[in-house]
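Asks: One file is attached below, model_11.cif, containing mmCIF, C-alpha atoms.
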```cif
data_protein
loop_
_atom_site.label_atom_id
_atom_site.label_comp_id
_atom_site.auth_asym_id
_atom_site.auth_seq_id
_atom_site.Cartn_x
_atom_site.Cartn_y
_atom_site.Cartn_z
CA MET A 501 -33.98 7.13 1.25
CA PRO A 502 -32.08 5.33 4.06
CA HIS A 503 -29.92 2.47 2.88
CA SER A 504 -27.75 -0.10 4.63
CA LEU A 505 -25.12 -2.54 3.35
CA LEU A 506 -23.78 -5.43 5.42
CA ILE A 507 -20.48 -7.02 4.38
CA THR A 508 -19.98 -10.47 5.92
CA ASN A 509 -17.38 -13.24 6.00
CA ILE A 510 -14.44 -10.86 5.95
CA LYS A 511 -11.17 -12.69 6.56
CA GLY A 512 -9.55 -9.51 7.86
CA LEU A 513 -10.99 -6.01 8.27
CA ALA A 514 -7.90 -3.81 8.04
CA GLY A 515 -7.33 -0.25 9.15
CA VAL A 516 -9.98 -0.22 11.85
CA ALA A 517 -10.11 2.37 14.62
CA ASP A 518 -12.51 3.60 17.28
CA ALA A 519 -12.63 7.07 15.76
CA ALA A 520 -11.22 9.14 12.91
CA PRO A 521 -7.50 9.83 13.35
CA GLU A 522 -6.42 13.31 14.39
CA LYS A 523 -3.13 13.34 12.47
CA PRO A 524 -1.19 11.31 9.90
CA LEU A 525 0.87 8.35 11.03
CA ALA A 526 4.64 8.72 11.46
CA GLY A 527 7.59 6.73 12.74
CA ASP A 528 6.74 3.43 14.44
CA ALA A 529 3.02 4.24 14.27
CA LEU A 530 3.13 3.82 10.49
CA LYS A 531 3.58 0.06 10.83
CA GLU A 532 0.64 -0.31 13.24
CA LEU A 533 -2.29 -1.61 11.20
CA GLU A 534 -5.13 -3.04 13.25
CA VAL A 535 -6.89 -6.00 11.62
CA LEU A 536 -10.13 -7.54 12.91
CA GLU A 537 -10.29 -11.18 11.84
CA ASN A 538 -13.42 -13.10 10.78
CA ALA A 539 -15.40 -9.88 10.67
CA TRP A 540 -18.49 -8.08 9.40
CA LEU A 541 -19.00 -4.42 8.57
CA LEU A 542 -22.27 -2.46 8.48
CA ILE A 543 -22.66 0.65 6.33
CA GLU A 544 -25.62 2.98 6.81
CA ASN A 545 -26.38 5.89 4.49
CA GLY A 546 -22.87 5.90 3.05
CA ARG A 547 -21.14 5.89 6.43
CA ILE A 548 -19.47 3.18 8.45
CA ALA A 549 -21.92 2.36 11.24
CA ARG A 550 -20.22 -0.45 13.14
CA PHE A 551 -18.26 -3.67 12.76
CA GLY A 552 -17.44 -6.80 14.73
CA ARG A 553 -16.74 -10.52 14.60
CA MET A 554 -18.95 -12.93 12.67
CA ALA A 555 -20.13 -14.56 15.93
CA GLU A 556 -22.10 -11.37 16.53
CA VAL A 557 -23.18 -10.48 12.99
CA PRO A 558 -26.42 -8.47 12.55
CA ASP A 559 -29.21 -10.50 11.00
CA ARG A 560 -30.36 -8.08 8.31
CA ALA A 561 -29.64 -5.05 6.12
CA ASP A 562 -31.06 -3.61 2.90
CA GLU A 563 -28.21 -5.14 0.92
CA MET A 564 -25.83 -7.99 1.72
CA LEU A 565 -22.32 -8.58 0.38
CA ASP A 566 -20.43 -11.79 1.10
CA ALA A 567 -16.68 -11.07 1.12
CA ARG A 568 -16.01 -14.82 0.76
CA GLN A 569 -12.93 -14.61 3.00
CA GLY A 570 -11.46 -11.67 1.18
CA PHE A 571 -9.98 -8.74 3.08
CA VAL A 572 -11.69 -5.37 3.44
CA LEU A 573 -9.60 -2.23 3.81
CA PRO A 574 -9.96 1.50 3.17
CA ALA A 575 -9.90 2.47 -0.49
CA TRP A 576 -6.62 4.00 -1.68
CA CYS A 577 -6.28 7.77 -1.31
CA ASP A 578 -4.15 8.81 -4.31
CA SER A 579 -2.99 12.30 -3.42
CA HIS A 580 -0.87 13.14 -6.49
CA THR A 581 -2.00 12.59 -10.10
CA HIS A 582 -2.06 14.27 -13.51
CA LEU A 583 -4.99 12.19 -14.71
CA VAL A 584 -6.31 14.79 -17.17
CA PHE A 585 -4.13 14.70 -20.30
CA ALA A 586 -4.65 14.48 -24.04
CA GLN A 587 -2.28 11.81 -25.34
CA SER A 588 0.33 9.30 -24.22
CA ARG A 589 4.07 9.92 -24.76
CA GLU A 590 5.52 6.49 -25.47
CA GLN A 591 7.89 7.86 -28.14
CA GLU A 592 9.75 9.82 -25.46
CA TRP A 593 9.97 6.61 -23.44
CA VAL A 594 11.65 5.00 -26.45
CA ASP A 595 13.96 8.03 -26.72
CA ARG A 596 15.03 7.49 -23.11
CA ILE A 597 15.74 3.84 -23.86
CA LYS A 598 18.00 5.10 -26.67
CA GLY A 599 19.89 7.27 -24.19
CA LEU A 600 18.27 10.69 -23.99
CA SER A 601 17.71 12.06 -20.48
CA TYR A 602 14.52 13.63 -19.09
CA GLU A 603 16.28 17.00 -19.13
CA GLU A 604 17.42 16.63 -22.76
CA ILE A 605 13.91 15.73 -23.88
CA ALA A 606 12.49 18.71 -21.99
CA GLN A 607 15.04 21.15 -23.41
CA ARG A 608 14.08 20.28 -26.98
CA GLY A 609 10.38 20.89 -26.37
CA GLY A 610 9.33 17.43 -25.31
CA GLY A 611 8.00 16.27 -21.97
CA ILE A 612 5.47 18.60 -20.37
CA LEU A 613 5.56 20.97 -23.36
CA ASN A 614 4.65 18.07 -25.64
CA SER A 615 1.63 17.28 -23.48
CA ALA A 616 0.67 20.97 -23.45
CA ARG A 617 0.64 21.18 -27.26
CA LYS A 618 -1.60 18.13 -27.52
CA LEU A 619 -3.95 19.34 -24.81
CA ARG A 620 -4.39 22.77 -26.36
CA GLU A 621 -5.56 21.10 -29.58
CA MET A 622 -8.10 18.78 -27.91
CA PRO A 623 -11.71 19.91 -27.37
CA GLU A 624 -12.87 20.00 -23.76
CA GLU A 625 -15.52 17.33 -24.29
CA GLU A 626 -12.99 14.83 -25.65
CA LEU A 627 -10.57 15.63 -22.83
CA TYR A 628 -13.35 15.00 -20.31
CA GLU A 629 -14.34 11.66 -21.84
CA LYS A 630 -10.74 10.44 -21.79
CA ALA A 631 -10.26 11.53 -18.19
CA LEU A 632 -13.52 9.90 -17.09
CA LYS A 633 -12.36 6.57 -18.51
CA ARG A 634 -9.09 6.87 -16.60
CA LEU A 635 -10.99 7.70 -13.42
CA ASP A 636 -13.09 4.56 -13.85
CA GLU A 637 -9.89 2.60 -14.44
CA VAL A 638 -8.15 3.76 -11.26
CA ARG A 639 -11.31 3.07 -9.28
CA SER A 640 -11.15 -0.53 -10.49
CA TYR A 641 -7.66 -0.74 -8.92
CA GLY A 642 -9.08 0.31 -5.54
CA THR A 643 -8.71 4.10 -5.54
CA GLY A 644 -11.50 5.79 -3.60
CA ALA A 645 -10.28 9.40 -3.31
CA ILE A 646 -7.97 11.27 -5.64
CA GLU A 647 -6.19 14.54 -6.33
CA ILE A 648 -5.91 15.73 -9.96
CA LYS A 649 -3.64 18.54 -11.17
CA SER A 650 -3.78 20.90 -14.11
CA GLY A 651 -0.42 21.84 -15.64
CA TYR A 652 -0.62 20.59 -19.22
CA GLY A 653 -2.32 23.79 -20.38
CA LEU A 654 0.38 26.42 -19.76
CA SER A 655 -1.93 29.12 -21.15
CA VAL A 656 -4.92 30.88 -19.63
CA ASP A 657 -7.51 29.13 -21.79
CA SER A 658 -5.97 25.67 -21.57
CA GLU A 659 -5.36 25.72 -17.81
CA LEU A 660 -8.98 26.79 -17.32
CA LYS A 661 -10.06 24.02 -19.68
CA MET A 662 -8.22 21.42 -17.60
CA LEU A 663 -9.64 22.67 -14.32
CA ARG A 664 -13.16 22.77 -15.76
CA VAL A 665 -12.72 19.14 -16.81
CA ILE A 666 -11.69 18.29 -13.25
CA ARG A 667 -14.78 20.11 -11.98
CA ARG A 668 -16.95 18.03 -14.33
CA LEU A 669 -15.31 14.88 -13.00
CA LYS A 670 -16.16 16.01 -9.47
CA GLU A 671 -19.77 16.51 -10.49
CA SER A 672 -20.21 13.29 -12.47
CA SER A 673 -18.25 10.79 -10.37
CA ARG A 674 -18.96 9.34 -6.95
CA MET A 675 -15.25 9.49 -6.22
CA PRO A 676 -14.17 12.46 -4.06
CA ILE A 677 -11.70 14.61 -6.01
CA ARG A 678 -9.34 17.45 -5.05
CA ALA A 679 -8.27 19.88 -7.81
CA THR A 680 -4.79 21.42 -7.87
CA PHE A 681 -3.73 24.33 -10.08
CA LEU A 682 -0.29 23.61 -11.55
CA GLY A 683 0.15 26.41 -14.07
CA ALA A 684 3.81 26.54 -12.99
CA HIS A 685 4.59 23.08 -14.36
CA SER A 686 6.97 24.22 -17.10
CA VAL A 687 7.91 27.46 -18.83
CA PRO A 688 6.28 27.54 -22.31
CA MET A 689 8.62 27.93 -25.28
CA GLU A 690 7.25 31.39 -26.07
CA TYR A 691 8.28 32.57 -22.59
CA ARG A 692 11.73 30.94 -22.41
CA GLN A 693 13.36 34.37 -22.76
CA ASN A 694 10.76 36.02 -20.51
CA ARG A 695 10.23 33.78 -17.51
CA GLN A 696 8.84 36.57 -15.36
CA GLY A 697 6.33 37.29 -18.09
CA TYR A 698 4.92 33.80 -17.70
CA ILE A 699 4.87 34.07 -13.92
CA ARG A 700 2.94 37.35 -14.28
CA LEU A 701 0.49 35.53 -16.56
CA ILE A 702 -0.07 32.93 -13.83
CA ILE A 703 -0.45 35.52 -11.08
CA GLU A 704 -2.34 38.28 -12.87
CA GLU A 705 -4.54 36.37 -15.31
CA MET A 706 -4.83 32.67 -14.43
CA LEU A 707 -5.27 32.87 -10.67
CA PRO A 708 -8.03 35.53 -10.63
CA LYS A 709 -10.11 33.58 -13.16
CA ILE A 710 -9.54 30.27 -11.37
CA ALA A 711 -10.56 31.84 -8.07
CA ALA A 712 -13.62 33.50 -9.60
CA GLU A 713 -14.91 30.09 -10.76
CA GLY A 714 -13.75 28.21 -7.65
CA LEU A 715 -11.84 25.74 -9.80
CA ALA A 716 -8.95 24.77 -7.50
CA ASP A 717 -8.43 23.49 -3.98
CA TYR A 718 -4.61 23.74 -3.98
CA ILE A 719 -1.73 25.31 -5.86
CA ASP A 720 1.41 23.53 -7.06
CA VAL A 721 4.76 24.44 -8.62
CA PHE A 722 7.36 22.16 -10.19
CA CYS A 723 10.48 23.36 -8.37
CA GLU A 724 13.40 21.88 -10.34
CA LYS A 725 16.33 22.91 -12.54
CA VAL A 726 14.25 21.98 -15.63
CA ALA A 727 11.29 24.04 -14.40
CA PHE A 728 11.10 26.78 -11.72
CA THR A 729 13.58 28.11 -9.17
CA VAL A 730 12.85 28.33 -5.46
CA GLU A 731 12.37 32.09 -5.76
CA GLU A 732 9.93 31.68 -8.65
CA MET A 733 8.05 29.02 -6.72
CA GLU A 734 7.68 31.37 -3.77
CA GLN A 735 6.27 34.10 -6.02
CA VAL A 736 3.56 31.74 -7.25
CA LEU A 737 2.79 30.30 -3.80
CA GLU A 738 2.46 33.78 -2.30
CA ALA A 739 0.01 34.72 -5.02
CA GLY A 740 -1.95 31.50 -4.53
CA ALA A 741 -2.22 32.18 -0.81
CA ARG A 742 -3.98 35.47 -1.57
CA TYR A 743 -6.75 33.38 -3.14
CA GLY A 744 -6.84 30.85 -0.31
CA LEU A 745 -4.96 28.10 -2.16
CA LYS A 746 -2.62 26.03 0.01
CA PRO A 747 0.52 24.54 -1.56
CA LYS A 748 1.03 20.88 -2.56
CA VAL A 749 4.30 21.06 -4.44
CA HIS A 750 6.70 19.09 -6.64
CA VAL A 751 10.20 19.24 -5.11
CA ASN A 752 13.44 17.25 -5.05
CA GLN A 753 12.69 14.97 -7.98
CA PHE A 754 16.20 15.35 -9.39
CA ASN A 755 17.99 17.95 -7.24
CA CYS A 756 18.12 19.41 -3.72
CA MET A 757 17.55 23.13 -4.23
CA GLY A 758 16.05 24.32 -0.95
CA GLY A 759 12.53 23.85 -2.28
CA ILE A 760 11.34 21.74 0.65
CA GLU A 761 12.29 24.35 3.25
CA ALA A 762 10.67 27.10 1.19
CA ALA A 763 7.47 25.08 0.64
CA ILE A 764 7.20 24.45 4.39
CA ARG A 765 7.55 28.19 5.07
CA HIS A 766 4.52 28.69 2.86
CA GLY A 767 2.45 26.10 4.73
CA ALA A 768 2.65 23.24 2.24
CA VAL A 769 0.21 20.43 2.96
CA SER A 770 2.63 18.06 1.25
CA VAL A 771 5.93 18.04 -0.61
CA ASP A 772 5.92 15.44 -3.36
CA HIS A 773 8.59 13.34 -5.12
CA LEU A 774 11.62 13.55 -2.77
CA GLU A 775 13.72 11.14 -4.80
CA VAL A 776 16.70 13.01 -3.36
CA VAL A 777 16.88 14.63 0.08
CA ASN A 778 19.67 16.02 2.23
CA ASP A 779 20.09 16.61 5.97
CA GLU A 780 18.60 20.11 5.76
CA ASP A 781 15.49 18.76 4.03
CA ILE A 782 14.99 16.12 6.71
CA ALA A 783 15.44 18.65 9.51
CA ALA A 784 12.95 21.04 7.91
CA LEU A 785 10.32 18.29 7.57
CA GLN A 786 10.86 17.15 11.16
CA ASN A 787 9.96 20.63 12.36
CA SER A 788 6.81 20.95 10.25
CA ASN A 789 3.31 19.58 9.72
CA THR A 790 4.04 18.85 6.07
CA ILE A 791 3.59 15.33 4.67
CA ALA A 792 6.30 13.75 2.51
CA THR A 793 4.56 12.14 -0.48
CA LEU A 794 6.64 9.58 -2.37
CA LEU A 795 5.85 8.53 -5.94
CA PRO A 796 7.83 5.33 -6.53
CA THR A 797 6.48 4.52 -10.00
CA ALA A 798 8.09 7.70 -11.43
CA PRO A 799 11.71 6.80 -10.60
CA PHE A 800 10.91 3.19 -11.50
CA PHE A 801 9.79 4.30 -14.98
CA LEU A 802 12.71 6.73 -15.36
CA ASN A 803 15.23 4.28 -13.87
CA ASP A 804 16.19 7.04 -11.44
CA HIS A 805 16.91 7.51 -7.73
CA ILE A 806 14.75 5.43 -5.40
CA PRO A 807 13.11 7.68 -2.75
CA PRO A 808 14.69 7.21 0.70
CA ALA A 809 11.54 6.01 2.47
CA ARG A 810 13.32 4.38 5.41
CA ARG A 811 15.28 7.54 6.20
CA ILE A 812 12.07 9.59 6.14
CA ILE A 813 10.17 7.10 8.31
CA GLU A 814 13.00 6.77 10.82
CA ALA A 815 13.14 10.56 11.11
CA GLY A 816 9.52 10.52 12.31
CA ILE A 817 8.15 12.30 9.24
CA PRO A 818 4.64 11.33 8.03
CA LEU A 819 4.90 9.65 4.64
CA ALA A 820 2.22 9.13 1.97
CA LEU A 821 2.29 7.15 -1.27
CA ALA A 822 0.70 8.19 -4.57
CA THR A 823 0.84 7.20 -8.24
CA ASP A 824 1.89 10.42 -10.02
CA PHE A 825 -0.29 9.09 -12.86
CA ASN A 826 0.84 11.07 -15.94
CA PRO A 827 1.72 10.39 -19.59
CA GLY A 828 5.44 11.13 -19.34
CA THR A 829 7.00 9.64 -16.24
CA SER A 830 4.37 7.43 -14.59
CA PRO A 831 1.76 6.22 -17.08
CA SER A 832 -0.15 4.14 -14.56
CA GLY A 833 -2.74 4.82 -11.90
CA ARG A 834 -2.40 1.35 -10.36
CA MET A 835 -2.00 1.96 -6.65
CA PRO A 836 -1.37 -1.72 -5.75
CA PHE A 837 1.81 -1.59 -7.86
CA VAL A 838 2.86 1.57 -6.00
CA LEU A 839 2.60 -0.44 -2.79
CA SER A 840 4.65 -3.26 -4.32
CA LEU A 841 7.44 -0.87 -5.33
CA ALA A 842 7.33 0.76 -1.89
CA CYS A 843 8.00 -2.63 -0.32
CA ILE A 844 10.40 -4.04 -2.93
CA GLN A 845 12.52 -0.99 -3.71
CA MET A 846 12.01 1.35 -0.76
CA ARG A 847 12.04 -1.35 1.95
CA MET A 848 8.70 -0.39 3.46
CA LEU A 849 6.75 -3.01 5.37
CA PRO A 850 3.38 -3.98 3.86
CA GLU A 851 1.59 -2.38 6.81
CA GLU A 852 3.56 0.85 6.33
CA ALA A 853 2.75 0.91 2.63
CA ILE A 854 -0.97 0.32 3.23
CA ASN A 855 -1.14 3.09 5.83
CA ALA A 856 0.81 5.46 3.60
CA ALA A 857 -1.62 4.81 0.73
CA THR A 858 -4.77 5.17 2.83
CA VAL A 859 -4.82 7.21 6.02
CA ASN A 860 -1.74 9.32 5.18
CA GLY A 861 -2.85 9.79 1.58
CA ALA A 862 -6.13 11.10 2.94
CA PHE A 863 -4.30 13.58 5.18
CA ALA A 864 -2.25 14.71 2.16
CA MET A 865 -5.58 15.88 0.72
CA GLU A 866 -6.81 17.21 4.10
CA TRP A 867 -9.44 14.45 4.20
CA GLY A 868 -8.09 12.46 7.15
CA SER A 869 -11.39 12.75 9.04
CA GLU A 870 -13.38 11.39 6.09
CA TYR A 871 -11.37 8.74 4.26
CA GLY A 872 -8.51 6.29 4.69
CA THR A 873 -9.60 4.66 7.96
CA ILE A 874 -12.43 2.29 8.92
CA ALA A 875 -14.04 3.98 11.90
CA PRO A 876 -17.64 4.74 12.89
CA GLY A 877 -18.96 7.81 11.09
CA MET A 878 -16.31 7.86 8.35
CA ALA A 879 -17.17 7.59 4.67
CA ALA A 880 -17.59 4.03 3.44
CA ASN A 881 -14.99 4.06 0.66
CA LEU A 882 -13.66 0.50 0.74
CA ILE A 883 -11.80 -2.24 -1.09
CA VAL A 884 -13.01 -5.83 -0.97
CA THR A 885 -10.22 -8.14 -2.12
CA LYS A 886 -10.36 -11.55 -3.67
CA PRO A 887 -9.59 -14.39 -1.24
CA MET A 888 -5.89 -14.25 -0.39
CA PRO A 889 -3.72 -15.70 2.38
CA SER A 890 -2.70 -12.43 4.07
CA LEU A 891 -2.55 -8.66 3.68
CA SER A 892 1.13 -8.93 2.79
CA TYR A 893 0.08 -10.95 -0.26
CA LEU A 894 -1.41 -7.77 -1.77
CA PRO A 895 1.94 -5.99 -2.47
CA TYR A 896 3.78 -9.34 -2.75
CA ALA A 897 1.75 -10.57 -5.74
CA PHE A 898 2.56 -7.50 -7.81
CA GLY A 899 1.25 -8.93 -11.07
CA SER A 900 -2.13 -10.09 -9.77
CA ASP A 901 -5.39 -8.18 -9.79
CA LEU A 902 -6.63 -8.80 -6.26
CA VAL A 903 -9.37 -6.15 -6.01
CA GLU A 904 -12.74 -7.89 -6.17
CA ARG A 905 -14.93 -4.84 -5.59
CA VAL A 906 -14.64 -1.17 -4.70
CA VAL A 907 -17.40 0.28 -2.53
CA LEU A 908 -17.91 4.05 -2.86
CA GLU A 909 -20.98 4.89 -0.82
#
```
Before anything else, please render the file you have as structure tokens.
Replies:
Amino acid sequence: MPHSLLITNIKGLAGVADAAPEKPLAGDALKELEVLENAWLLIENGRIARFGRMAEVPDRADEMLDARQGFVLPAWCDSHTHLVFAQSREQEWVDRIKGLSYEEIAQRGGGILNSARKLREMPEEELYEKALKRLDEVRSYGTGAIEIKSGYGLSVDSELKMLRVIRRLKESSRMPIRATFLGAHSVPMEYRQNRQGYIRLIIEEMLPKIAAEGLADYIDVFCEKVAFTVEEMEQVLEAGARYGLKPKVHVNQFNCMGGIEAAIRHGAVSVDHLEVVNDEDIAALQNSNTIATLLPTAPFFLNDHIPPARRIIEAGIPLALATDFNPGTSPSGRMPFVLSLACIQMRMLPEEAINAATVNGAFAMEWGSEYGTIAPGMAANLIVTKPMPSLSYLPYAFGSDLVERVVLE
């Protein structure tokens, strides 16, 4: 049945455009955020119909929403999360406070392997219920589109269990969700002396079953000294490509290993983390269509290298922001705090951070024509804020909950 929603008395309608963008924003364009003041917005059948100034507001709609001088902007597009997990890992956080490093915890069977043990023991129904609660939580923070990875299974049955949970979330939630297969997240203990054996398990057993059920949109590999080499990553990405899975990969969290250049060769939609980059990495990204996705809450939580956002922006590389929501290194799906850290620690302007978390986040999930921008015909996934003095106040007031309502039509 046709339905319309009219939002009125908007102090500032942010991220407006005449039409859906054709590409992610980069360089100086990243700081260009068009705001229509004293505005209204009409939604028809889940799509943005039109908008304008209050002097010309339509006189009726099926439903009315008074923004009460709050801002309206596109809902966050969180393009990198590990939202499906069994249990938290606060004891490892305490261990790091005591002096153990991420690598030391991982080498003794903690970290990702710890999460994998807990996930294998948890029934699928319980895993789904926990993940659904987290999805509702991140929606309350303003997230309107999200990517969720597997990678805490590390066995055929458990990876399939995770991806089936993600499929159930897709079916039961109004939030659009992308699923990423991350079987190559860590090498299980039982394969530590047979790494190629585990890679064969991914390629010969996991991928065919995942493809048969249509469980994944993308494929990912954790390319790091504590995980997989560049050569191993390429083996997995090549196999994923045979099943139509494009790469969205973890690279350069702790080390520069050539993973960015290799991921680009394999057509990566995005390369994620980038806490450390070198000149070769920057040059490779400049000559590609790959998006650099930064995850500032992870190095904040680990007290590690701050991603070089300004260097990436000044090189003309499209940059997205995401939460990396996971139990080990970023136990939060609060996108507004990601924006605050982007401004405070990475020296991004508020407008750059908002664009990186909306339009560019959407492109990092290949949804740039659907989400992340307020333009006629695009999906009406929106944030209505509480009254506040300016858009800059949103990342500035990092401890305040400023999201009044999230509209997912």
Asks: Return as JSON the centre and edge lengths, in Å with one decimal, of the box along x, y and z that encloses every atom of segment 796-804 of chain A in the file, padded by 6 Å per side.
Replies:
```
{"center_x": 11.3, "center_y": 5.4, "center_z": -10.9, "size_x": 21.7, "size_y": 16.5, "size_z": 20.8}
```
Asks: Which residues, named as in the file, does the PyMOL selection byres ((chain A and resi 889) around 10) pick out? Answer as a list in words.
Replies: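 Taken on the displayed file, the PyMOL selection byres ((chain A and resi 889) around 10) yields the residues Lys511, Gln569, Gly570, Phe571, Lys886, Pro887, Met888, Ser890, Leu891, Ser892, Tyr893 and Leu894 of chain A.
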Asks: Please evaluate the PyMOL selection byres ((chain A and resi 726-743) around 8) against the structure above and give the resulting residues as a PDB file with C-alpha atoms, keeping the file's coordinate frame.
Replies:
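The resulting expr19.pdb:
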```
ATOM      1  CA  GLU A 603      16.280  17.000 -19.130  1.00  0.00           C
ATOM      2  CA  ALA A 606      12.490  18.710 -21.990  1.00  0.00           C
ATOM      3  CA  GLN A 607      15.040  21.150 -23.410  1.00  0.00           C
ATOM      4  CA  ALA A 684       3.810  26.540 -12.990  1.00  0.00           C
ATOM      5  CA  HIS A 685       4.590  23.080 -14.360  1.00  0.00           C
ATOM      6  CA  SER A 686       6.970  24.220 -17.100  1.00  0.00           C
ATOM      7  CA  VAL A 687       7.910  27.460 -18.830  1.00  0.00           C
ATOM      8  CA  ILE A 699       4.870  34.070 -13.920  1.00  0.00           C
ATOM      9  CA  ILE A 702      -0.070  32.930 -13.830  1.00  0.00           C
ATOM     10  CA  ILE A 703      -0.450  35.520 -11.080  1.00  0.00           C
ATOM     11  CA  LEU A 707      -5.270  32.870 -10.670  1.00  0.00           C
ATOM     12  CA  PRO A 708      -8.030  35.530 -10.630  1.00  0.00           C
ATOM     13  CA  ALA A 711     -10.560  31.840  -8.070  1.00  0.00           C
ATOM     14  CA  ILE A 719      -1.730  25.310  -5.860  1.00  0.00           C
ATOM     15  CA  ASP A 720       1.410  23.530  -7.060  1.00  0.00           C
ATOM     16  CA  VAL A 721       4.760  24.440  -8.620  1.00  0.00           C
ATOM     17  CA  PHE A 722       7.360  22.160 -10.190  1.00  0.00           C
ATOM     18  CA  CYS A 723      10.480  23.360  -8.370  1.00  0.00           C
ATOM     19  CA  GLU A 724      13.400  21.880 -10.340  1.00  0.00           C
ATOM     20  CA  LYS A 725      16.330  22.910 -12.540  1.00  0.00           C
ATOM     21  CA  GLY A 744      -6.840  30.850  -0.310  1.00  0.00           C
ATOM     22  CA  LEU A 745      -4.960  28.100  -2.160  1.00  0.00           C
ATOM     23  CA  LYS A 746      -2.620  26.030   0.010  1.00  0.00           C
ATOM     24  CA  PRO A 747       0.520  24.540  -1.560  1.00  0.00           C
ATOM     25  CA  MET A 757      17.550  23.130  -4.230  1.00  0.00           C
ATOM     26  CA  GLY A 758      16.050  24.320  -0.950  1.00  0.00           C
ATOM     27  CA  GLY A 759      12.530  23.850  -2.280  1.00  0.00           C
ATOM     28  CA  ALA A 762      10.670  27.100   1.190  1.00  0.00           C
ATOM     29  CA  ALA A 763       7.470  25.080   0.640  1.00  0.00           C
ATOM     30  CA  HIS A 766       4.520  28.690   2.860  1.00  0.00           C
TER      31      HIS A 766
END
```
Asks: At what distance in Å, to one decimal, does atom CA of Pro502 of chain A lie from atom CA of Asn545 of chain A?
Replies: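 Result for atom CA of Asn545 of chain A versus atom CA of Pro502 of chain A: 5.7 Å, one decimal.
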Asks: Assuming the chain letters and numbering stay as they are in my file, what does the PyMOL selection byres ((chain A and resi 503) around 8) actually select? List them as a CSV table (one decimal) with C-alpha atoms, in the coordinates of the input.
Replies:
```csv
chain,number,residue,atom,x,y,z
A,501,MET,CA,-34.0,7.1,1.2
A,502,PRO,CA,-32.1,5.3,4.1
A,504,SER,CA,-27.8,-0.1,4.6
A,505,LEU,CA,-25.1,-2.5,3.4
A,544,GLU,CA,-25.6,3.0,6.8
A,545,ASN,CA,-26.4,5.9,4.5
A,546,GLY,CA,-22.9,5.9,3.0
A,562,ASP,CA,-31.1,-3.6,2.9
```
Asks: Could you tell me which of A:Ser869, A:Ile817, A:Glu780, A:Ile806 comes closest to Arg847 of chain A if we count only C-alpha atoms?
Replies: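 Ranked by minimum distance to Arg847 of chain A, first place goes to A:Ile806.
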Asks: Which residues of segment 826-878 of chain A sit at most 12 Å from segment 587-593 of chain A, using all atoms listed in the file? Give each one's shortest atom pair and distance in Å (one decimal place), in chain and ascending residue order, as a tab-separated table.
Replies:
```
residue	atom	partner	partner_atom	distance
A:Asn826	CA	A:Ser588	CA	8.5
A:Pro827	CA	A:Ser588	CA	5.0
A:Gly828	CA	A:Arg589	CA	5.7
A:Thr829	CA	A:Trp593	CA	8.4
A:Ser830	CA	A:Arg589	CA	10.5
A:Pro831	CA	A:Ser588	CA	7.9
A:Ser832	CA	A:Ser588	CA	11.0
```
Asks: For segment 606-616 of chain A, supply N, CA and C atoms and format the output as a compact mmCIF listing (two decimals), in the frame of the given file.
Replies:
```
# COMPACT_ATOMS: atom_id res chain seq x y z
N ALA A 606 13.20 17.48 -22.36
CA ALA A 606 12.49 18.71 -21.99
C ALA A 606 13.07 19.92 -22.71
N GLN A 607 14.40 19.99 -22.80
CA GLN A 607 15.04 21.15 -23.41
C GLN A 607 14.71 21.29 -24.89
N ARG A 608 14.39 20.19 -25.56
CA ARG A 608 14.08 20.28 -26.98
C ARG A 608 12.58 20.35 -27.24
N GLY A 609 11.82 20.67 -26.19
CA GLY A 609 10.38 20.89 -26.37
C GLY A 609 9.52 19.68 -26.13
N GLY A 610 10.11 18.62 -25.62
CA GLY A 610 9.33 17.43 -25.31
C GLY A 610 8.80 17.49 -23.89
N GLY A 611 8.47 16.34 -23.35
CA GLY A 611 8.00 16.27 -21.97
C GLY A 611 6.70 17.02 -21.76
N ILE A 612 6.68 17.85 -20.73
CA ILE A 612 5.47 18.60 -20.37
C ILE A 612 5.00 19.48 -21.52
N LEU A 613 5.93 20.10 -22.24
CA LEU A 613 5.56 20.97 -23.36
C LEU A 613 4.88 20.18 -24.46
N ASN A 614 5.29 18.95 -24.66
CA ASN A 614 4.65 18.07 -25.64
C ASN A 614 3.20 17.82 -25.24
N SER A 615 2.99 17.50 -23.97
CA SER A 615 1.63 17.28 -23.48
C SER A 615 0.79 18.55 -23.60
N ALA A 616 1.41 19.70 -23.36
CA ALA A 616 0.67 20.97 -23.45
C ALA A 616 0.20 21.24 -24.87
```
